[in-house]
$ cat final-v3.pdb   # PDB, C-alpha atoms and all ligand atoms
ATOM      1  CA  MET A   8      -1.248  -5.099 -15.197  1.00  0.00           C
ATOM      2  CA  ARG A   9       0.331  -3.280 -12.290  1.00  0.00           C
ATOM      3  CA  VAL A  10       2.088  -5.124  -9.480  1.00  0.00           C
ATOM      4  CA  ILE A  11       2.624  -3.021  -6.378  1.00  0.00           C
ATOM      5  CA  THR A  12       4.254  -3.983  -3.097  1.00  0.00           C
ATOM      6  CA  LEU A  13       3.351  -2.297   0.167  1.00  0.00           C
ATOM      7  CA  MET A  14       6.383  -2.645   2.389  1.00  0.00           C
ATOM      8  CA  ASN A  15       8.170  -1.440   5.502  1.00  0.00           C
ATOM      9  CA  GLN A  16      10.225  -3.557   7.851  1.00  0.00           C
ATOM     10  CA  LYS A  17       8.629  -1.621  10.697  1.00  0.00           C
ATOM     11  CA  GLY A  18       5.440  -3.315  11.884  1.00  0.00           C
ATOM     12  CA  GLY A  19       2.067  -1.665  12.320  1.00  0.00           C
ATOM     13  CA  VAL A  20       2.686   1.243   9.933  1.00  0.00           C
ATOM     14  CA  GLY A  21      -0.426   0.647   7.801  1.00  0.00           C
ATOM     15  CA  LYS A  22       0.761  -1.720   5.065  1.00  0.00           C
ATOM     16  CA  THR A  23      -2.348  -3.905   5.288  1.00  0.00           C
ATOM     17  CA  THR A  24      -4.765  -1.007   5.823  1.00  0.00           C
ATOM     18  CA  LEU A  25      -3.493   0.829   2.761  1.00  0.00           C
ATOM     19  CA  THR A  26      -3.280  -2.347   0.647  1.00  0.00           C
ATOM     20  CA  LEU A  27      -6.936  -3.174   1.256  1.00  0.00           C
ATOM     21  CA  SER A  28      -8.161   0.421   0.967  1.00  0.00           C
ATOM     22  CA  LEU A  29      -6.440   0.817  -2.413  1.00  0.00           C
ATOM     23  CA  ALA A  30      -7.639  -2.627  -3.533  1.00  0.00           C
ATOM     24  CA  ALA A  31     -11.214  -1.591  -2.781  1.00  0.00           C
ATOM     25  CA  ARG A  32     -10.885   1.716  -4.594  1.00  0.00           C
ATOM     26  CA  TRP A  33      -9.530   0.109  -7.776  1.00  0.00           C
ATOM     27  CA  HIS A  34     -12.062  -2.722  -7.590  1.00  0.00           C
ATOM     28  CA  LEU A  35     -14.954  -0.261  -7.264  1.00  0.00           C
ATOM     29  CA  ALA A  36     -13.549   1.672 -10.235  1.00  0.00           C
ATOM     30  CA  GLY A  37     -14.073  -1.466 -12.334  1.00  0.00           C
ATOM     31  CA  PHE A  38     -10.602  -3.002 -12.309  1.00  0.00           C
ATOM     32  CA  SER A  39      -9.857  -6.610 -11.418  1.00  0.00           C
ATOM     33  CA  VAL A  40      -7.792  -6.730  -8.244  1.00  0.00           C
ATOM     34  CA  ALA A  41      -5.861  -9.452  -6.452  1.00  0.00           C
ATOM     35  CA  VAL A  42      -4.205  -9.090  -3.058  1.00  0.00           C
ATOM     36  CA  ILE A  43      -1.271 -11.349  -2.261  1.00  0.00           C
ATOM     37  CA  ASP A  44      -0.966 -11.746   1.478  1.00  0.00           C
ATOM     38  CA  CYS A  45       2.739 -12.538   1.869  1.00  0.00           C
ATOM     39  CA  ASP A  46       2.561 -12.138   5.641  1.00  0.00           C
ATOM     40  CA  PRO A  47       2.122 -15.340   7.705  1.00  0.00           C
ATOM     41  CA  GLN A  48       0.211 -13.123  10.146  1.00  0.00           C
ATOM     42  CA  GLY A  49      -2.542 -13.261   7.521  1.00  0.00           C
ATOM     43  CA  SER A  50      -4.279  -9.914   8.103  1.00  0.00           C
ATOM     44  CA  SER A  51      -5.483  -9.551   4.504  1.00  0.00           C
ATOM     45  CA  VAL A  52      -6.748 -13.135   4.555  1.00  0.00           C
ATOM     46  CA  TYR A  53      -8.537 -12.359   7.830  1.00  0.00           C
ATOM     47  CA  TRP A  54     -10.127  -9.310   6.176  1.00  0.00           C
ATOM     48  CA  LYS A  55     -11.409 -11.463   3.330  1.00  0.00           C
ATOM     49  CA  LYS A  56     -12.903 -13.973   5.767  1.00  0.00           C
ATOM     50  CA  GLN A  57     -14.922 -11.220   7.470  1.00  0.00           C
ATOM     51  CA  GLN A  58     -16.680 -10.243   4.260  1.00  0.00           C
ATOM     52  CA  VAL A  59     -20.407 -10.840   4.133  1.00  0.00           C
ATOM     53  CA  GLU A  60     -21.842 -12.672   1.126  1.00  0.00           C
ATOM     54  CA  ASN A  61     -23.204  -9.555  -0.597  1.00  0.00           C
ATOM     55  CA  SER A  62     -20.186  -7.326   0.109  1.00  0.00           C
ATOM     56  CA  PRO A  63     -19.385  -4.949  -2.760  1.00  0.00           C
ATOM     57  CA  LEU A  64     -15.771  -6.076  -2.313  1.00  0.00           C
ATOM     58  CA  LYS A  65     -16.511  -9.766  -2.822  1.00  0.00           C
ATOM     59  CA  GLY A  66     -14.779  -9.651  -6.222  1.00  0.00           C
ATOM     60  CA  ILE A  67     -11.367  -8.860  -4.710  1.00  0.00           C
ATOM     61  CA  LYS A  68      -9.339 -12.048  -4.597  1.00  0.00           C
ATOM     62  CA  VAL A  69      -6.953 -12.592  -1.691  1.00  0.00           C
ATOM     63  CA  TYR A  70      -4.246 -15.260  -1.856  1.00  0.00           C
ATOM     64  CA  ALA A  71      -1.987 -16.367   0.983  1.00  0.00           C
ATOM     65  CA  VAL A  72       1.450 -16.830  -0.572  1.00  0.00           C
ATOM     66  CA  ASN A  73       4.670 -17.057   1.423  1.00  0.00           C
ATOM     67  CA  LEU A  74       7.182 -18.908  -0.711  1.00  0.00           C
ATOM     68  CA  PRO A  75       9.459 -16.564  -2.689  1.00  0.00           C
ATOM     69  CA  SER A  76       9.108 -18.716  -5.822  1.00  0.00           C
ATOM     70  CA  GLU A  77       5.306 -18.466  -5.613  1.00  0.00           C
ATOM     71  CA  ILE A  78       5.461 -14.724  -5.002  1.00  0.00           C
ATOM     72  CA  ARG A  79       7.616 -14.325  -8.097  1.00  0.00           C
ATOM     73  CA  ALA A  80       4.942 -16.239 -10.065  1.00  0.00           C
ATOM     74  CA  CYS A  81       2.154 -13.831  -9.115  1.00  0.00           C
ATOM     75  CA  ARG A  82       2.391 -12.077 -12.493  1.00  0.00           C
ATOM     76  CA  ASN A  83       0.738 -15.168 -13.941  1.00  0.00           C
ATOM     77  CA  LEU A  84      -2.509 -14.113 -12.277  1.00  0.00           C
ATOM     78  CA  GLU A  85      -4.985 -12.306 -14.451  1.00  0.00           C
ATOM     79  CA  ALA A  86      -5.660  -8.993 -12.751  1.00  0.00           C
ATOM     80  CA  ASP A  87      -5.342  -5.307 -13.522  1.00  0.00           C
ATOM     81  CA  TYR A  88      -3.864  -4.610 -10.083  1.00  0.00           C
ATOM     82  CA  ILE A  89      -1.918  -7.062  -7.951  1.00  0.00           C
ATOM     83  CA  LEU A  90      -1.128  -5.725  -4.497  1.00  0.00           C
ATOM     84  CA  LEU A  91       1.409  -7.473  -2.295  1.00  0.00           C
ATOM     85  CA  ASP A  92       0.903  -7.017   1.431  1.00  0.00           C
ATOM     86  CA  THR A  93       4.244  -7.927   2.978  1.00  0.00           C
ATOM     87  CA  PRO A  94       5.499  -8.898   6.429  1.00  0.00           C
ATOM     88  CA  GLY A  95       7.939  -6.601   8.198  1.00  0.00           C
ATOM     89  CA  THR A  96      11.067  -8.636   8.465  1.00  0.00           C
ATOM     90  CA  ASP A  97      10.933 -11.797   6.345  1.00  0.00           C
ATOM     91  CA  LYS A  98      13.742 -10.804   3.976  1.00  0.00           C
ATOM     92  CA  PRO A  99      13.429 -13.536   1.270  1.00  0.00           C
ATOM     93  CA  THR A 100       9.687 -12.912   1.044  1.00  0.00           C
ATOM     94  CA  VAL A 101      10.049  -9.150   0.794  1.00  0.00           C
ATOM     95  CA  ARG A 102      12.930  -9.480  -1.682  1.00  0.00           C
ATOM     96  CA  ALA A 103      10.753 -11.653  -3.926  1.00  0.00           C
ATOM     97  CA  ALA A 104       7.899  -9.146  -3.666  1.00  0.00           C
ATOM     98  CA  ILE A 105      10.212  -6.268  -4.612  1.00  0.00           C
ATOM     99  CA  HIS A 106      11.601  -8.268  -7.513  1.00  0.00           C
ATOM    100  CA  VAL A 107       8.193  -8.984  -9.042  1.00  0.00           C
ATOM    101  CA  SER A 108       6.814  -5.458  -8.562  1.00  0.00           C
ATOM    102  CA  ASP A 109       6.484  -2.479 -10.869  1.00  0.00           C
ATOM    103  CA  ALA A 110       6.339  -0.034  -7.963  1.00  0.00           C
ATOM    104  CA  LEU A 111       6.871   0.018  -4.205  1.00  0.00           C
ATOM    105  CA  ILE A 112       4.945   1.967  -1.580  1.00  0.00           C
ATOM    106  CA  ILE A 113       6.333   2.495   1.922  1.00  0.00           C
ATOM    107  CA  PRO A 114       3.802   3.667   4.496  1.00  0.00           C
ATOM    108  CA  VAL A 115       5.502   5.400   7.393  1.00  0.00           C
ATOM    109  CA  GLN A 116       4.279   6.894  10.644  1.00  0.00           C
ATOM    110  CA  PRO A 117       5.221  10.370  11.817  1.00  0.00           C
ATOM    111  CA  SER A 118       8.285   9.816  13.991  1.00  0.00           C
ATOM    112  CA  ALA A 119      12.047  10.003  13.542  1.00  0.00           C
ATOM    113  CA  ILE A 120      12.423   6.410  14.757  1.00  0.00           C
ATOM    114  CA  ASP A 121       9.904   5.217  12.201  1.00  0.00           C
ATOM    115  CA  ILE A 122      11.616   7.040   9.363  1.00  0.00           C
ATOM    116  CA  ASP A 123      14.958   5.606  10.410  1.00  0.00           C
ATOM    117  CA  ALA A 124      13.461   2.099  10.580  1.00  0.00           C
ATOM    118  CA  SER A 125      12.103   2.474   7.050  1.00  0.00           C
ATOM    119  CA  TYR A 126      15.522   3.071   5.475  1.00  0.00           C
ATOM    120  CA  ALA A 127      16.313  -0.655   5.171  1.00  0.00           C
ATOM    121  CA  SER A 128      13.159  -1.060   3.058  1.00  0.00           C
ATOM    122  CA  LEU A 129      14.013   2.037   1.053  1.00  0.00           C
ATOM    123  CA  GLU A 130      17.520   0.719   0.345  1.00  0.00           C
ATOM    124  CA  ALA A 131      16.178  -2.696  -0.695  1.00  0.00           C
ATOM    125  CA  GLY A 132      13.899  -0.940  -3.181  1.00  0.00           C
ATOM    126  CA  LEU A 133      16.683   1.307  -4.476  1.00  0.00           C
ATOM    127  CA  ASP A 134      19.010  -1.685  -4.896  1.00  0.00           C
ATOM    128  CA  ALA A 135      16.366  -3.321  -7.084  1.00  0.00           C
ATOM    129  CA  ASP A 136      16.015  -0.087  -9.089  1.00  0.00           C
ATOM    130  CA  LYS A 137      12.240   0.126  -8.593  1.00  0.00           C
ATOM    131  CA  PRO A 138      10.122   3.279  -8.327  1.00  0.00           C
ATOM    132  CA  ILE A 139       9.481   3.929  -4.633  1.00  0.00           C
ATOM    133  CA  ALA A 140       7.010   6.240  -2.906  1.00  0.00           C
ATOM    134  CA  TYR A 141       6.593   7.026   0.756  1.00  0.00           C
ATOM    135  CA  ILE A 142       3.180   7.761   2.140  1.00  0.00           C
ATOM    136  CA  LEU A 143       2.800   9.349   5.533  1.00  0.00           C
ATOM    137  CA  ASN A 144       0.191   7.517   7.624  1.00  0.00           C
ATOM    138  CA  ARG A 145      -1.577   8.404  10.879  1.00  0.00           C
ATOM    139  CA  TYR A 146      -0.964  12.038  10.144  1.00  0.00           C
ATOM    140  CA  VAL A 147      -2.476  14.461  12.636  1.00  0.00           C
ATOM    141  CA  GLN A 148      -3.130  17.839  11.031  1.00  0.00           C
ATOM    142  CA  GLN A 149      -0.930  20.736  12.083  1.00  0.00           C
ATOM    143  CA  SER A 150       1.133  18.564  14.437  1.00  0.00           C
ATOM    144  CA  VAL A 151       4.821  19.465  14.764  1.00  0.00           C
ATOM    145  CA  LEU A 152       5.704  15.786  14.385  1.00  0.00           C
ATOM    146  CA  GLY A 153       3.694  15.491  11.179  1.00  0.00           C
ATOM    147  CA  GLU A 154       5.366  18.530   9.618  1.00  0.00           C
ATOM    148  CA  ASP A 155       8.855  17.422  10.712  1.00  0.00           C
ATOM    149  CA  THR A 156       8.271  13.981   9.218  1.00  0.00           C
ATOM    150  CA  LYS A 157       7.088  15.483   5.923  1.00  0.00           C
ATOM    151  CA  LYS A 158      10.313  17.516   5.728  1.00  0.00           C
ATOM    152  CA  ALA A 159      12.474  14.492   6.572  1.00  0.00           C
ATOM    153  CA  LEU A 160      10.812  12.357   3.899  1.00  0.00           C
ATOM    154  CA  LYS A 161      11.539  14.983   1.267  1.00  0.00           C
ATOM    155  CA  THR A 162      15.278  14.499   1.845  1.00  0.00           C
ATOM    156  CA  THR A 163      15.102  10.842   0.735  1.00  0.00           C
ATOM    157  CA  PRO A 164      15.553   9.723  -2.890  1.00  0.00           C
ATOM    158  CA  ALA A 165      11.985   8.358  -2.946  1.00  0.00           C
ATOM    159  CA  THR A 166       8.866  10.128  -4.155  1.00  0.00           C
ATOM    160  CA  VAL A 167       6.560  11.326  -1.383  1.00  0.00           C
ATOM    161  CA  ILE A 168       2.881  10.864  -2.199  1.00  0.00           C
ATOM    162  CA  GLY A 169       1.329  14.328  -2.064  1.00  0.00           C
ATOM    163  CA  LYS A 170      -1.607  13.238   0.091  1.00  0.00           C
ATOM    164  CA  VAL A 171      -1.168  11.998   3.647  1.00  0.00           C
ATOM    165  CA  MET A 172      -3.224   9.254   5.262  1.00  0.00           C
ATOM    166  CA  ASN A 173      -4.946  10.684   8.300  1.00  0.00           C
ATOM    167  CA  GLN A 174      -5.619   8.991  11.601  1.00  0.00           C
ATOM    168  CA  TYR A 175      -9.278   7.898  11.411  1.00  0.00           C
ATOM    169  CA  GLN A 176     -11.166   5.250  13.378  1.00  0.00           C
ATOM    170  CA  ASP A 177     -13.061   4.404  10.197  1.00  0.00           C
ATOM    171  CA  PHE A 178      -9.941   2.616   8.915  1.00  0.00           C
ATOM    172  CA  PRO A 179      -9.763  -0.064  11.667  1.00  0.00           C
ATOM    173  CA  ARG A 180     -13.562  -0.208  12.017  1.00  0.00           C
ATOM    174  CA  SER A 181     -14.142  -0.988   8.363  1.00  0.00           C
ATOM    175  CA  ILE A 182     -11.086  -3.190   7.787  1.00  0.00           C
ATOM    176  CA  GLY A 183     -12.062  -5.301  10.806  1.00  0.00           C
ATOM    177  CA  ALA A 184     -15.436  -5.928   9.152  1.00  0.00           C
ATOM    178  CA  GLY A 185     -14.003  -7.031   5.802  1.00  0.00           C
ATOM    179  CA  GLU A 186     -14.799  -3.668   4.237  1.00  0.00           C
ATOM    180  CA  THR A 187     -12.971  -0.355   3.785  1.00  0.00           C
ATOM    181  CA  PRO A 188     -14.012   3.237   4.567  1.00  0.00           C
ATOM    182  CA  THR A 189     -15.133   3.606   0.937  1.00  0.00           C
ATOM    183  CA  THR A 190     -17.821   0.931   1.300  1.00  0.00           C
ATOM    184  CA  MET A 191     -18.674   1.131   5.004  1.00  0.00           C
ATOM    185  CA  PHE A 192     -18.557   4.872   5.551  1.00  0.00           C
ATOM    186  CA  PRO A 193     -19.033   6.351   2.066  1.00  0.00           C
ATOM    187  CA  GLY A 194     -18.536  10.090   1.808  1.00  0.00           C
ATOM    188  CA  GLN A 195     -17.057  10.304   5.320  1.00  0.00           C
ATOM    189  CA  LYS A 196     -13.596  11.725   6.002  1.00  0.00           C
ATOM    190  CA  ALA A 197     -11.641   8.459   5.754  1.00  0.00           C
ATOM    191  CA  ALA A 198     -13.394   7.554   2.499  1.00  0.00           C
ATOM    192  CA  GLN A 199     -12.588  11.005   1.083  1.00  0.00           C
ATOM    193  CA  ASN A 200      -9.031  10.603   2.329  1.00  0.00           C
ATOM    194  CA  ILE A 201      -8.474   7.278   0.582  1.00  0.00           C
ATOM    195  CA  GLU A 202     -10.007   8.627  -2.635  1.00  0.00           C
ATOM    196  CA  ALA A 203      -7.541  11.552  -2.614  1.00  0.00           C
ATOM    197  CA  ILE A 204      -4.643   9.198  -1.823  1.00  0.00           C
ATOM    198  CA  GLY A 205      -5.731   6.842  -4.595  1.00  0.00           C
ATOM    199  CA  GLN A 206      -5.811   9.674  -7.116  1.00  0.00           C
ATOM    200  CA  ALA A 207      -2.333  10.800  -6.053  1.00  0.00           C
ATOM    201  CA  ILE A 208      -1.036   7.231  -6.362  1.00  0.00           C
ATOM    202  CA  ASP A 209      -2.662   6.861  -9.805  1.00  0.00           C
ATOM    203  CA  GLU A 210      -0.799   9.998 -10.920  1.00  0.00           C
ATOM    204  CA  TRP A 211       2.478   8.682  -9.520  1.00  0.00           C
ATOM    205  CA  LEU A 212       2.022   5.327 -11.283  1.00  0.00           C
ATOM    206  CA  ILE A 213       1.470   7.120 -14.599  1.00  0.00           C
ATOM    207  CA  GLN A 214       4.689   9.085 -14.004  1.00  0.00           C
ATOM    208  CA  CYS A 215       6.480   5.789 -13.283  1.00  0.00           C
ATOM    209  CA  ASP A 216       5.226   4.384 -16.618  1.00  0.00           C
ATOM    210  CA  GLN A 217       6.428   7.489 -18.470  1.00  0.00           C
ATOM    211  CA  GLN A 218       9.866   7.350 -16.844  1.00  0.00           C
ATOM    212  CA  LYS A 219      10.145   3.669 -17.711  1.00  0.00           C
ATOM    213  CA  GLU A 220       9.324   4.432 -21.352  1.00  0.00           C
ATOM    214  CA  VAL A 221      12.000   7.135 -21.429  1.00  0.00           C
ATOM    215  CA  ARG A 222      14.541   4.689 -19.988  1.00  0.00           C
ATOM    216  CA  ILE A 223      13.625   1.970 -22.471  1.00  0.00           C
ATOM    217  CA  THR A 224      13.867   4.277 -25.508  1.00  0.00           C
ATOM    218  CA  ALA A 225      17.031   6.082 -24.331  1.00  0.00           C
TER     219      ALA A 225
HETATM  220  N1  LIG A 301      -4.767   5.880   9.220  1.00  0.00           N
HETATM  221  C1  LIG A 301      -5.097   5.106  10.234  1.00  0.00           C
HETATM  222  N2  LIG A 301      -5.998   5.531  11.165  1.00  0.00           N
HETATM  223  C2  LIG A 301      -6.315   4.742  12.218  1.00  0.00           C
HETATM  224  N3  LIG A 301      -5.797   3.522  12.442  1.00  0.00           N
HETATM  225  C3  LIG A 301      -4.901   3.050  11.555  1.00  0.00           C
HETATM  226  C4  LIG A 301      -4.507   3.808  10.408  1.00  0.00           C
HETATM  227  N4  LIG A 301      -3.616   3.067   9.710  1.00  0.00           N
HETATM  228  C5  LIG A 301      -3.465   1.915  10.378  1.00  0.00           C
HETATM  229  N5  LIG A 301      -4.222   1.903  11.482  1.00  0.00           N
HETATM  230  C6  LIG A 301      -4.302   0.825  12.490  1.00  0.00           C
HETATM  231  O1  LIG A 301      -2.977   0.542  12.924  1.00  0.00           O
HETATM  232  C7  LIG A 301      -2.798  -0.854  13.107  1.00  0.00           C
HETATM  233  C8  LIG A 301      -1.660  -1.325  12.203  1.00  0.00           C
HETATM  234  O2  LIG A 301      -2.088  -1.148  10.850  1.00  0.00           O
HETATM  235  P1  LIG A 301      -1.780  -2.281   9.765  1.00  0.00           P
HETATM  236  O3  LIG A 301      -2.172  -3.619  10.282  1.00  0.00           O
HETATM  237  O4  LIG A 301      -2.383  -1.825   8.502  1.00  0.00           O
HETATM  238  O5  LIG A 301      -0.199  -2.152   9.706  1.00  0.00           O
HETATM  239  P2  LIG A 301       0.847  -3.171   9.072  1.00  0.00           P
HETATM  240  O6  LIG A 301       2.002  -2.348   8.650  1.00  0.00           O
HETATM  241  O7  LIG A 301       0.185  -4.001   8.056  1.00  0.00           O
HETATM  242  O8  LIG A 301       1.214  -4.058  10.314  1.00  0.00           O
HETATM  243  P3  LIG A 301       2.040  -5.451  10.319  1.00  0.00           P
HETATM  244  O9  LIG A 301       3.487  -5.061  10.157  1.00  0.00           O
HETATM  245  O10 LIG A 301       1.751  -6.022  11.677  1.00  0.00           O
HETATM  246  O11 LIG A 301       1.548  -6.267   9.186  1.00  0.00           O
HETATM  247  C9  LIG A 301      -4.132  -1.518  12.786  1.00  0.00           C
HETATM  248  O12 LIG A 301      -4.846  -1.682  13.987  1.00  0.00           O
HETATM  249  C10 LIG A 301      -4.814  -0.473  11.901  1.00  0.00           C
HETATM  250  O13 LIG A 301      -6.213  -0.556  11.988  1.00  0.00           O
HETATM  251 MG    MG A 302       0.043  -6.104   7.835  1.00  0.00          MG
END
$ encode --input "final-v3.pdb" --output "structure tokens" --more "lines below"
Ligand SMILES: Nc1ncnc2c1ncn2[C@@H]1O[C@H](COP(=O)(O)OP(=O)(O)OP(=O)(O)O)[C@@H](O)[C@H]1O
Ligand SMILES: [Mg+2]
Amino acid sequence: MRVITLMNQKGGVGKTTLTLSLAARWHLAGFSVAVIDCDPQGSSVYWKKQQVENSPLKGIKVYAVNLPSEIRACRNLEADYILLDTPGTDKPTVRAAIHVSDALIIPVQPSAIDIDASYASLEAGLDADKPIAYILNRYVQQSVLGEDTKKALKTTPATVIGKVMNQYQDFPRSIGAGETPTTMFPGQKAAQNIEAIGQAIDEWLIQCDQQKEVRITA
């Protein structure tokens, strides 16, 4: 089982979009996947409600859970991947999600203000001694802002996922329909993008496991 929290106190950075896109990828690869929607806004729950009866993503379970004690109990679920989609600023909720997680992913948009706003989340993850990775979202190729943000992220103590998430309409179009680019626009750019991101995240998670083993045996 892997429990992963998608977090950033800054709103609208892509926490829900990435949560659901990764959930779909792992589900379609044959893993059992549960999404814990810790955000009272309920975007992941909304996504689930949009799904048509014969959706290929019907098997993904989505639970609305806000109480810290219930979030901490999510490891009792039987699933290969449990993804926690968190609200921006509800500290007890996010703290509980961090606590129960094996790894933390911070999506961030390409701007200095956004990077600065993400530091509180980064510090909360570091305090809990969890593996943390940034992923740059809404990246526009060859933009000065995108390149500057990449450089700035490299100066943090977190890992930076080697693939960026590009700005594609297929993300909101598919998520709004209870799907993801992988199922609604297969083979298109956003679907290729999320596959590459998923592979990079898989590699990072394996590295996290290896580092944990080293720490346990040391
Ligand atoms: N790579 C992308 N390309 C295009 N649109 C995107 C991308 N990532 C996110 N969006 C859009 O940006 C908006 C915010 O994304 P999302 O809801 O995933 O962020 P969030 O961090 O979960 O927000 P909140 O803090 O409100 O929960 C949504 O309309 C989403 O469709
Ligand atoms: Mg959200």
$ resolve_selection --input "final-v3.pdb" --expression "the PyMOL selection byres (((chain A and resi 153) around 12) and not hetatm)" --output "PyMOL selection string"
chain A and resi 115-119+122+142-152+154-160+171-174
$ residues_around --input "final-v3.pdb" --residues "range 74-88 of chain A" --least-positions-apart "4" --cutoff "12 Å" --atoms "all atoms listed in the file" --output "NGL selection string"
:A and (8-12 or 26-27 or 29-34 or 36-47 or 66-70 or 92-93 or 97-110 or 209 or 212)
$ atom_distance --input "final-v3.pdb" --atom1 "CA of Ala71 in chain A" --atom2 "CA of Ala203 in chain A"
28.7 Å
$ atom_distance --input "final-v3.pdb" --atom1 "atom O12 of ligand LIG 301 (chain A)" --atom2 "CA of Gly19 in chain A"
7.1 Å
$ axis_aligned_box --input "final-v3.pdb" --around "range 194-206 of chain A" --padding-each-side "5 Å" --output "JSON"
{"center_x": -11.6, "center_y": 9.3, "center_z": -0.6, "size_x": 23.9, "size_y": 14.9, "size_z": 23.1}
$ residues_near_ligand --input "final-v3.pdb" --ligand "ligand MG 302 (chain A)" --cutoff "8 Å" --atoms "only C-alpha atoms and all ligand atoms" --output "short mmCIF file (atom, residue, chain, number, x, y, z; two decimals) with C-alpha atoms, keeping the file's coordinate frame"
data_model
loop_
_atom_site.label_atom_id
_atom_site.label_comp_id
_atom_site.auth_asym_id
_atom_site.auth_seq_id
_atom_site.Cartn_x
_atom_site.Cartn_y
_atom_site.Cartn_z
CA GLY A 18 5.44 -3.32 11.88
CA GLY A 19 2.07 -1.66 12.32
CA GLY A 21 -0.43 0.65 7.80
CA LYS A 22 0.76 -1.72 5.07
CA THR A 23 -2.35 -3.90 5.29
CA THR A 24 -4.76 -1.01 5.82
CA ASP A 46 2.56 -12.14 5.64
CA GLN A 48 0.21 -13.12 10.15
CA GLY A 49 -2.54 -13.26 7.52
CA SER A 50 -4.28 -9.91 8.10
CA SER A 51 -5.48 -9.55 4.50
CA ASP A 92 0.90 -7.02 1.43
CA THR A 93 4.24 -7.93 2.98
CA PRO A 94 5.50 -8.90 6.43
CA GLY A 95 7.94 -6.60 8.20
#
$ closest_residue --input "final-v3.pdb" --among "A:Val52, A:Leu35, A:Ala165, A:Val59" --to "ligand LIG 301 (chain A)" --atoms "only C-alpha atoms and all ligand atoms"
A:Val52
$ resolve_selection --input "final-v3.pdb" --expression "the PyMOL selection byres (((chain A and resi 189-191) around 9) and not hetatm)" --output "list in words"
Ser28, Ala31, Arg32, Ser62, Pro63, Leu64, Asp177, Arg180, Ser181, Ala184, Glu186, Thr187, Pro188, Phe192, Pro193, Gly194, Gln195, Ala197, Ala198, Gln199, Ile201 and Glu202 of chain A
$ atom_distance --input "final-v3.pdb" --atom1 "CA of Ala135 in chain A" --atom2 "CA of Leu111 in chain A"
10.5 Å
$ closest_residue --input "final-v3.pdb" --among "A:Ile204, A:Leu129, A:Asn61, A:Thr163" --to "ligand LIG 301 (chain A)" --atoms "all atoms listed in the file"
A:Ile204
$ closest_residue --input "final-v3.pdb" --among "A:Lys55, A:Asp123, A:Glu220, A:Asn15" --to "ligand LIG 301 (chain A)" --atoms "only C-alpha atoms and all ligand atoms"
A:Asn15
$ closest_residue --input "final-v3.pdb" --among "A:Thr96, A:Gln176, A:Ser128, A:Gln57" --to "ligand LIG 301 (chain A)" --atoms "only C-alpha atoms and all ligand atoms"
A:Gln176
$ closest_residue --input "final-v3.pdb" --among "A:Thr224, A:Gln217, A:Asn73, A:Tyr175" --to "ligand LIG 301 (chain A)" --atoms "only C-alpha atoms and all ligand atoms"
A:Tyr175
$ closest_residue --input "final-v3.pdb" --among "A:Ile223, A:Phe178, A:Asp136, A:Pro164" --to "Asn200 in chain A" --atoms "all atoms listed in the file"
A:Phe178
$ resolve_selection --input "final-v3.pdb" --expression "the PyMOL selection byres (((chain A and resi 166) around 7) and not hetatm)" --output "MDAnalysis selection string"
chainID A and resid 139:141 164:165 167:168
